[in-house]
$ cat structure.csv   # CSV, N, CA and C atoms
chain,number,residue,atom,x,y,z
A,83,MET,N,37.9,102.2,164.6
A,83,MET,CA,38.7,101.8,165.8
A,83,MET,C,38.5,102.9,166.8
A,84,ILE,N,38.7,102.5,168.0
A,84,ILE,CA,38.6,103.4,169.2
A,84,ILE,C,39.9,103.5,169.9
A,85,HIS,N,40.5,104.6,170.0
A,85,HIS,CA,41.7,104.9,170.6
A,85,HIS,C,41.6,104.8,172.1
A,86,SER,N,42.3,104.0,172.8
A,86,SER,CA,42.2,103.9,174.2
A,86,SER,C,43.7,103.7,174.8
A,87,ILE,N,44.6,104.4,174.2
A,87,ILE,CA,46.0,104.3,174.6
A,87,ILE,C,46.3,105.3,175.7
A,88,TYR,N,46.4,104.9,176.9
A,88,TYR,CA,46.6,105.8,178.0
A,88,TYR,C,48.0,105.7,178.7
A,89,GLY,N,48.8,104.7,178.2
A,89,GLY,CA,50.1,104.5,178.8
A,89,GLY,C,50.0,103.5,179.9
A,90,ASN,N,51.1,103.2,180.5
A,90,ASN,CA,51.2,102.2,181.6
A,90,ASN,C,52.2,102.6,182.6
A,91,GLU,N,52.4,103.9,182.8
A,91,GLU,CA,53.4,104.5,183.7
A,91,GLU,C,53.1,104.3,185.2
A,92,ASP,N,51.9,104.2,185.6
A,92,ASP,CA,51.6,104.1,187.0
A,92,ASP,C,50.4,103.1,187.2
A,93,PHE,N,50.1,102.9,188.4
A,93,PHE,CA,49.1,101.9,188.8
A,93,PHE,C,47.7,102.3,188.2
A,94,ALA,N,47.4,103.6,188.3
A,94,ALA,CA,46.1,104.0,187.8
A,94,ALA,C,45.9,103.7,186.3
A,95,THR,N,46.9,104.1,185.5
A,95,THR,CA,46.7,103.9,184.0
A,95,THR,C,46.9,102.4,183.6
A,96,SER,N,47.6,101.7,184.4
A,96,SER,CA,47.9,100.3,184.0
A,96,SER,C,46.7,99.3,184.5
A,97,THR,N,45.8,99.8,185.3
A,97,THR,CA,44.7,99.0,185.8
A,97,THR,C,43.3,99.4,185.4
A,98,LEU,N,43.2,100.6,184.8
A,98,LEU,CA,41.9,101.1,184.5
A,98,LEU,C,41.2,100.4,183.3
A,99,LEU,N,39.9,100.3,183.4
A,99,LEU,CA,39.0,99.9,182.3
A,99,LEU,C,38.1,101.0,182.0
A,100,PRO,N,38.5,101.8,180.9
A,100,PRO,CA,37.7,103.0,180.6
A,100,PRO,C,36.4,102.7,179.9
A,101,ASN,N,35.5,103.6,179.9
A,101,ASN,CA,34.2,103.5,179.2
A,101,ASN,C,34.4,103.1,177.8
A,102,ARG,N,35.5,103.5,177.2
A,102,ARG,CA,35.7,103.2,175.8
A,102,ARG,C,35.7,101.7,175.5
A,103,LEU,N,36.1,100.9,176.5
A,103,LEU,CA,36.1,99.5,176.4
A,103,LEU,C,34.7,99.0,176.1
A,104,TYR,N,33.8,99.5,177.0
A,104,TYR,CA,32.4,99.1,176.8
A,104,TYR,C,31.7,99.7,175.6
A,105,ASP,N,32.1,100.9,175.2
A,105,ASP,CA,31.6,101.5,173.9
A,105,ASP,C,32.1,100.6,172.8
A,106,ALA,N,33.3,100.2,172.8
A,106,ALA,CA,33.9,99.4,171.7
A,106,ALA,C,33.1,98.1,171.6
A,107,VAL,N,32.8,97.4,172.7
A,107,VAL,CA,32.1,96.2,172.7
A,107,VAL,C,30.7,96.3,172.2
A,108,ILE,N,30.0,97.3,172.7
A,108,ILE,CA,28.6,97.6,172.3
A,108,ILE,C,28.5,97.9,170.8
A,109,PHE,N,29.4,98.9,170.4
A,109,PHE,CA,29.3,99.4,169.0
A,109,PHE,C,30.2,98.6,168.0
A,110,LYS,N,30.8,97.5,168.5
A,110,LYS,CA,31.6,96.6,167.7
A,110,LYS,C,32.7,97.3,166.9
A,111,LYS,N,33.5,98.0,167.7
A,111,LYS,CA,34.7,98.7,167.1
A,111,LYS,C,36.0,98.2,167.8
A,112,PRO,N,37.0,97.9,167.1
A,112,PRO,CA,38.2,97.4,167.7
A,112,PRO,C,38.9,98.5,168.5
A,113,LEU,N,39.6,98.1,169.6
A,113,LEU,CA,40.3,99.1,170.5
A,113,LEU,C,41.8,99.0,170.2
A,114,LEU,N,42.4,100.2,170.3
A,114,LEU,CA,43.9,100.3,170.3
A,114,LEU,C,44.2,100.6,171.8
A,115,VAL,N,45.1,99.8,172.4
A,115,VAL,CA,45.4,99.9,173.8
A,115,VAL,C,46.9,99.8,174.0
A,116,SER,N,47.4,100.3,175.2
A,116,SER,CA,48.8,100.3,175.6
A,116,SER,C,49.1,98.9,176.1
A,117,PRO,N,50.4,98.5,175.9
A,117,PRO,CA,50.9,97.2,176.4
A,117,PRO,C,51.0,97.2,177.9
A,118,ASN,N,51.2,96.1,178.5
A,118,ASN,CA,51.4,95.9,179.9
A,118,ASN,C,50.4,96.6,180.8
A,119,THR,N,49.1,96.4,180.4
A,119,THR,CA,48.0,97.0,181.2
A,119,THR,C,47.0,95.9,181.3
A,120,TYR,N,46.1,96.1,182.3
A,120,TYR,CA,45.0,95.2,182.5
A,120,TYR,C,44.0,95.3,181.2
A,121,LEU,N,43.9,96.5,180.7
A,121,LEU,CA,43.1,96.6,179.5
A,121,LEU,C,43.6,95.8,178.3
A,122,ALA,N,45.0,95.8,178.2
A,122,ALA,CA,45.6,95.0,177.1
A,122,ALA,C,45.3,93.5,177.4
A,123,GLN,N,45.3,93.0,178.6
A,123,GLN,CA,45.0,91.6,178.9
A,123,GLN,C,43.6,91.3,178.5
A,124,ILE,N,42.6,92.2,178.7
A,124,ILE,CA,41.2,92.0,178.3
A,124,ILE,C,41.1,92.0,176.8
A,125,VAL,N,41.8,92.9,176.2
A,125,VAL,CA,41.7,93.0,174.7
A,125,VAL,C,42.3,91.8,174.1
A,126,GLU,N,43.4,91.3,174.6
A,126,GLU,CA,44.0,90.1,174.0
A,126,GLU,C,43.2,88.8,174.3
A,127,LYS,N,42.7,88.7,175.5
A,127,LYS,CA,41.9,87.5,175.9
A,127,LYS,C,40.6,87.4,175.0
A,128,TYR,N,39.9,88.5,174.8
A,128,TYR,CA,38.7,88.5,174.1
A,128,TYR,C,38.8,89.0,172.6
A,129,ASN,N,40.0,89.2,172.1
A,129,ASN,CA,40.2,89.6,170.7
A,129,ASN,C,39.5,90.8,170.4
A,130,LEU,N,39.6,91.9,171.2
A,130,LEU,CA,38.9,93.1,171.1
A,130,LEU,C,39.6,94.2,170.3
A,131,GLY,N,40.8,94.0,169.9
A,131,GLY,CA,41.6,95.0,169.2
A,131,GLY,C,43.1,94.7,169.2
A,132,ALA,N,43.9,95.8,169.2
A,132,ALA,CA,45.3,95.6,169.1
A,132,ALA,C,46.1,96.4,170.2
A,133,VAL,N,47.1,95.7,170.6
A,133,VAL,CA,48.0,96.3,171.6
A,133,VAL,C,49.1,97.1,170.9
A,134,ILE,N,49.2,98.4,171.1
A,134,ILE,CA,50.1,99.3,170.4
A,134,ILE,C,51.0,100.0,171.3
A,135,ASN,N,52.3,99.8,171.1
A,135,ASN,CA,53.3,100.5,171.9
A,135,ASN,C,53.8,101.7,171.1
A,136,LEU,N,53.4,102.9,171.6
A,136,LEU,CA,53.8,104.1,170.9
A,136,LEU,C,55.2,104.4,170.7
A,137,LYS,N,56.1,103.7,171.5
A,137,LYS,CA,57.5,103.9,171.4
A,137,LYS,C,58.2,102.9,170.5
A,138,ASP,N,57.4,102.0,169.9
A,138,ASP,CA,57.9,101.0,169.0
A,138,ASP,C,58.2,101.6,167.6
A,139,PRO,N,59.4,101.5,167.1
A,139,PRO,CA,59.7,102.1,165.8
A,139,PRO,C,58.9,101.4,164.6
A,140,ASN,N,58.4,100.3,164.9
A,140,ASN,CA,57.6,99.5,163.9
A,140,ASN,C,56.1,99.7,164.1
A,141,ILE,N,55.6,100.8,164.7
A,141,ILE,CA,54.2,100.9,165.1
A,141,ILE,C,53.3,100.9,163.8
A,142,VAL,N,53.8,101.5,162.8
A,142,VAL,CA,53.0,101.5,161.5
A,142,VAL,C,52.8,100.1,161.0
A,143,MET,N,53.8,99.3,161.1
A,143,MET,CA,53.8,97.9,160.6
A,143,MET,C,52.9,97.1,161.5
A,144,THR,N,53.0,97.3,162.8
A,144,THR,CA,52.1,96.6,163.8
A,144,THR,C,50.6,96.9,163.5
A,145,LEU,N,50.3,98.1,163.3
A,145,LEU,CA,48.9,98.5,163.1
A,145,LEU,C,48.5,98.0,161.7
A,146,SER,N,49.3,98.1,160.7
A,146,SER,CA,49.0,97.6,159.4
A,146,SER,C,48.8,96.1,159.4
A,147,ASN,N,49.6,95.3,160.2
A,147,ASN,CA,49.4,93.9,160.3
A,147,ASN,C,48.0,93.6,160.9
A,148,TYR,N,47.7,94.3,162.0
A,148,TYR,CA,46.4,94.1,162.6
A,148,TYR,C,45.3,94.3,161.6
A,149,VAL,N,45.3,95.4,160.9
A,149,VAL,CA,44.2,95.7,160.0
A,149,VAL,C,44.1,94.7,158.9
A,150,ASN,N,45.3,94.3,158.3
A,150,ASN,CA,45.3,93.4,157.2
A,150,ASN,C,44.9,92.0,157.6
A,151,ASN,N,45.1,91.6,158.9
A,151,ASN,CA,44.8,90.3,159.3
A,151,ASN,C,43.6,90.2,160.3
A,152,PHE,N,42.8,91.3,160.2
A,152,PHE,CA,41.6,91.4,161.1
A,152,PHE,C,40.7,90.2,160.8
A,153,ASN,N,40.3,89.5,161.9
A,153,ASN,CA,39.4,88.4,161.8
A,153,ASN,C,38.0,88.8,162.4
A,154,GLU,N,37.1,89.2,161.6
A,154,GLU,CA,35.8,89.8,162.0
A,154,GLU,C,35.1,88.8,162.9
A,155,GLN,N,35.1,87.5,162.5
A,155,GLN,CA,34.3,86.5,163.3
A,155,GLN,C,34.9,86.3,164.7
A,156,LYS,N,36.2,86.3,164.8
A,156,LYS,CA,36.9,86.2,166.1
A,156,LYS,C,36.6,87.4,166.9
A,157,PHE,N,36.7,88.6,166.3
A,157,PHE,CA,36.4,89.9,167.0
A,157,PHE,C,35.0,89.9,167.5
A,158,LEU,N,34.0,89.6,166.7
A,158,LEU,CA,32.6,89.6,167.1
A,158,LEU,C,32.3,88.6,168.2
A,159,ALA,N,32.9,87.4,168.0
A,159,ALA,CA,32.7,86.4,169.1
A,159,ALA,C,33.2,86.8,170.4
A,160,GLY,N,34.4,87.4,170.4
A,160,GLY,CA,35.0,87.9,171.6
A,160,GLY,C,34.2,89.1,172.2
A,161,SER,N,33.7,90.0,171.4
A,161,SER,CA,32.9,91.1,171.8
A,161,SER,C,31.6,90.5,172.5
A,162,ASP,N,31.0,89.6,171.9
A,162,ASP,CA,29.8,89.0,172.5
A,162,ASP,C,30.1,88.3,173.8
A,163,LYS,N,31.2,87.6,173.9
A,163,LYS,CA,31.6,86.8,175.1
A,163,LYS,C,31.9,87.8,176.2
A,164,PHE,N,32.6,88.9,175.9
A,164,PHE,CA,32.9,89.9,176.9
A,164,PHE,C,31.6,90.6,177.4
A,165,LEU,N,30.8,90.9,176.5
A,165,LEU,CA,29.5,91.6,176.8
A,165,LEU,C,28.7,90.7,177.7
A,166,ASP,N,28.6,89.4,177.4
A,166,ASP,CA,27.9,88.5,178.2
A,166,ASP,C,28.5,88.4,179.7
A,167,LEU,N,29.8,88.5,179.8
A,167,LEU,CA,30.4,88.5,181.1
A,167,LEU,C,30.0,89.7,181.9
A,168,VAL,N,30.1,90.9,181.2
A,168,VAL,CA,29.7,92.2,181.9
A,168,VAL,C,28.3,92.1,182.3
A,169,ASN,N,27.4,91.7,181.4
A,169,ASN,CA,26.0,91.6,181.8
A,169,ASN,C,25.7,90.7,183.0
A,170,SER,N,26.4,89.5,183.0
A,170,SER,CA,26.2,88.6,184.1
A,170,SER,C,26.7,89.2,185.4
A,171,GLN,N,27.8,89.9,185.4
A,171,GLN,CA,28.4,90.6,186.6
A,171,GLN,C,27.4,91.7,187.0
A,172,GLN,N,26.9,92.4,186.1
A,172,GLN,CA,25.9,93.5,186.4
A,172,GLN,C,24.7,92.9,187.1
A,173,LYS,N,24.2,91.8,186.5
A,173,LYS,CA,23.0,91.1,187.1
A,173,LYS,C,23.3,90.7,188.5
A,174,LEU,N,24.4,90.0,188.7
A,174,LEU,CA,24.8,89.6,190.1
A,174,LEU,C,24.9,90.7,191.1
A,175,PHE,N,25.5,91.8,190.6
A,175,PHE,CA,25.6,93.0,191.5
A,175,PHE,C,24.2,93.5,191.9
A,176,LEU,N,23.3,93.7,190.9
A,176,LEU,CA,22.0,94.2,191.2
A,176,LEU,C,21.2,93.2,192.1
A,177,ASP,N,21.4,91.9,191.9
A,177,ASP,CA,20.7,90.9,192.8
A,177,ASP,C,21.2,91.1,194.2
A,178,LYS,N,22.5,91.3,194.4
A,178,LYS,CA,23.1,91.4,195.7
A,178,LYS,C,22.6,92.7,196.4
A,179,ILE,N,22.5,93.8,195.6
A,179,ILE,CA,21.9,95.0,196.1
A,179,ILE,C,20.5,94.8,196.6
A,180,LYS,N,19.7,94.2,195.8
A,180,LYS,CA,18.3,93.9,196.1
A,180,LYS,C,18.2,93.1,197.4
A,181,GLU,N,19.0,92.0,197.4
A,181,GLU,CA,19.0,91.1,198.6
A,181,GLU,C,19.4,91.9,199.8
A,182,PHE,N,20.3,92.8,199.8
A,182,PHE,CA,20.7,93.6,200.9
A,182,PHE,C,19.6,94.5,201.4
A,183,PHE,N,18.9,95.1,200.5
A,183,PHE,CA,17.9,96.1,200.9
A,183,PHE,C,16.5,95.4,201.3
A,184,LEU,N,16.4,94.2,200.9
A,184,LEU,CA,15.1,93.5,201.2
A,184,LEU,C,15.2,92.7,202.5
A,185,ARG,N,16.3,92.7,203.2
A,185,ARG,CA,16.5,92.0,204.4
A,185,ARG,C,15.6,92.6,205.5
$ encode --input "structure.csv" --output "C-alpha cells"
Amino acid sequence: MIHSIYGNEDFATSTLLPNRLYDAVIFKKPLLVSPNTYLAQIVEKYNLGAVINLKDPNIVMTLSNYVNNFNEQKFLAGSDKFLDLVNSQQKLFLDKIKEFFLR
C-alpha cells in the first residue's frame, strides 16, 4: 500500500493529485487517502485503494475491512482504466503542443 493521506483542511490539500497516485497505478499498489478530497473521488471511482479518516475511532476496522475484502480484479481493472485515461490526456496535451509549435 502507498500512504497518500495529506488531509483536507485547505484547498491545496483537498484538490491535489500527488505523484504517489501515478506511482500506485503504475506499480499496482493500493492507495490510502484522506476523505473529502479530489484524490478520494479518483480512488473511489477507479477502485484504487481506501479512503481513511485518521480521526475515525474505527480506523483499524476500516483498514482491516479493506484488506480482508480486497478485490484484486476490480483494483487491477480500475488501475488500467485510470492509466489509460492519463495516457490519453498526455497524448492530447503533446498533440496540442506540437500543433501550436508547427503553425
$ residues_around --input "structure.csv" --residues "stretch 117-124 of chain A" --least-positions-apart "2" --cutoff "7 Å" --atoms "all atoms listed in the file" --output "list in words"
Gly89, Asn90, Thr95, Ser96, Thr97, Leu98, Leu99, Val115, Glu126, Lys127, Tyr128, Asn129, Leu130, Val133, Ile134, Asn135 and Leu136 of chain A
$ select_by_dssp --input "structure.csv" --residues "chain A" --states "alpha helix (DSSP H)" --output "JSON, numbers by chain"
{"A": [93, 94, 95, 96, 97, 101, 102, 103, 104, 105, 106, 107, 108, 109, 120, 121, 122, 123, 124, 125, 126, 127, 128, 141, 142, 143, 144, 145, 146, 147, 148, 149, 150, 154, 155, 156, 157, 158, 159, 160, 161, 162, 163, 164, 165, 166, 167, 168, 169, 170, 171, 172, 173, 174, 175, 176, 177, 178, 179, 180, 181, 182, 183]}
$ closest_residue --input "structure.csv" --among "A:Leu167, A:Ile84, A:Leu176, A:Val142" --to "A:Phe109" --atoms "only C-alpha atoms"
A:Ile84
$ residues_around --input "structure.csv" --residues "A:Asp162" --least-positions-apart "5" --cutoff "8 Å" --atoms "all atoms listed in the file" --output "list in words"
Val107, Ile108, Tyr128, Lys156, Phe157, Leu167 and Val168 of chain A
$ atom_distance --input "structure.csv" --atom1 "atom N of A:Tyr104" --atom2 "atom CA of A:Lys137"
24.7 Å
$ atom_distance --input "structure.csv" --atom1 "atom CA of A:Gly131" --atom2 "atom CA of A:Leu113"
4.5 Å
$ atom_distance --input "structure.csv" --atom1 "atom C of A:Lys111" --atom2 "atom C of A:Gln155"
12.3 Å
$ residues_near_point --input "structure.csv" --point "(41.0, 105.1, 173.9)" --cutoff "8 Å" --atoms "only N, CA and C atoms" --output "list of chain:residue names"
A:Met83, A:Ile84, A:His85, A:Ser86, A:Ile87, A:Tyr88, A:Pro100, A:Asn101, A:Arg102, A:Leu103, A:Leu113, A:Leu114, A:Val115
$ write_last_selection --input "structure.csv" --atoms "N, CA and C atoms" --output "mmCIF file, in the frame of the given file"
data_model
loop_
_atom_site.group_PDB
_atom_site.id
_atom_site.type_symbol
_atom_site.label_atom_id
_atom_site.label_comp_id
_atom_site.auth_asym_id
_atom_site.auth_seq_id
_atom_site.Cartn_x
_atom_site.Cartn_y
_atom_site.Cartn_z
ATOM 1 N N MET A 83 37.900 102.200 164.600
ATOM 2 C CA MET A 83 38.700 101.800 165.800
ATOM 3 C C MET A 83 38.500 102.900 166.800
ATOM 4 N N ILE A 84 38.700 102.500 168.000
ATOM 5 C CA ILE A 84 38.600 103.400 169.200
ATOM 6 C C ILE A 84 39.900 103.500 169.900
ATOM 7 N N HIS A 85 40.500 104.600 170.000
ATOM 8 C CA HIS A 85 41.700 104.900 170.600
ATOM 9 C C HIS A 85 41.600 104.800 172.100
ATOM 10 N N SER A 86 42.300 104.000 172.800
ATOM 11 C CA SER A 86 42.200 103.900 174.200
ATOM 12 C C SER A 86 43.700 103.700 174.800
ATOM 13 N N ILE A 87 44.600 104.400 174.200
ATOM 14 C CA ILE A 87 46.000 104.300 174.600
ATOM 15 C C ILE A 87 46.300 105.300 175.700
ATOM 16 N N TYR A 88 46.400 104.900 176.900
ATOM 17 C CA TYR A 88 46.600 105.800 178.000
ATOM 18 C C TYR A 88 48.000 105.700 178.700
ATOM 19 N N PRO A 100 38.500 101.800 180.900
ATOM 20 C CA PRO A 100 37.700 103.000 180.600
ATOM 21 C C PRO A 100 36.400 102.700 179.900
ATOM 22 N N ASN A 101 35.500 103.600 179.900
ATOM 23 C CA ASN A 101 34.200 103.500 179.200
ATOM 24 C C ASN A 101 34.400 103.100 177.800
ATOM 25 N N ARG A 102 35.500 103.500 177.200
ATOM 26 C CA ARG A 102 35.700 103.200 175.800
ATOM 27 C C ARG A 102 35.700 101.700 175.500
ATOM 28 N N LEU A 103 36.100 100.900 176.500
ATOM 29 C CA LEU A 103 36.100 99.500 176.400
ATOM 30 C C LEU A 103 34.700 99.000 176.100
ATOM 31 N N LEU A 113 39.600 98.100 169.600
ATOM 32 C CA LEU A 113 40.300 99.100 170.500
ATOM 33 C C LEU A 113 41.800 99.000 170.200
ATOM 34 N N LEU A 114 42.400 100.200 170.300
ATOM 35 C CA LEU A 114 43.900 100.300 170.300
ATOM 36 C C LEU A 114 44.200 100.600 171.800
ATOM 37 N N VAL A 115 45.100 99.800 172.400
ATOM 38 C CA VAL A 115 45.400 99.900 173.800
ATOM 39 C C VAL A 115 46.900 99.800 174.000
#
$ closest_residue --input "structure.csv" --among "A:Ser116, A:Ile179, A:Phe93, A:Ala132" --to "A:Thr144" --atoms "only C-alpha atoms"
A:Ala132
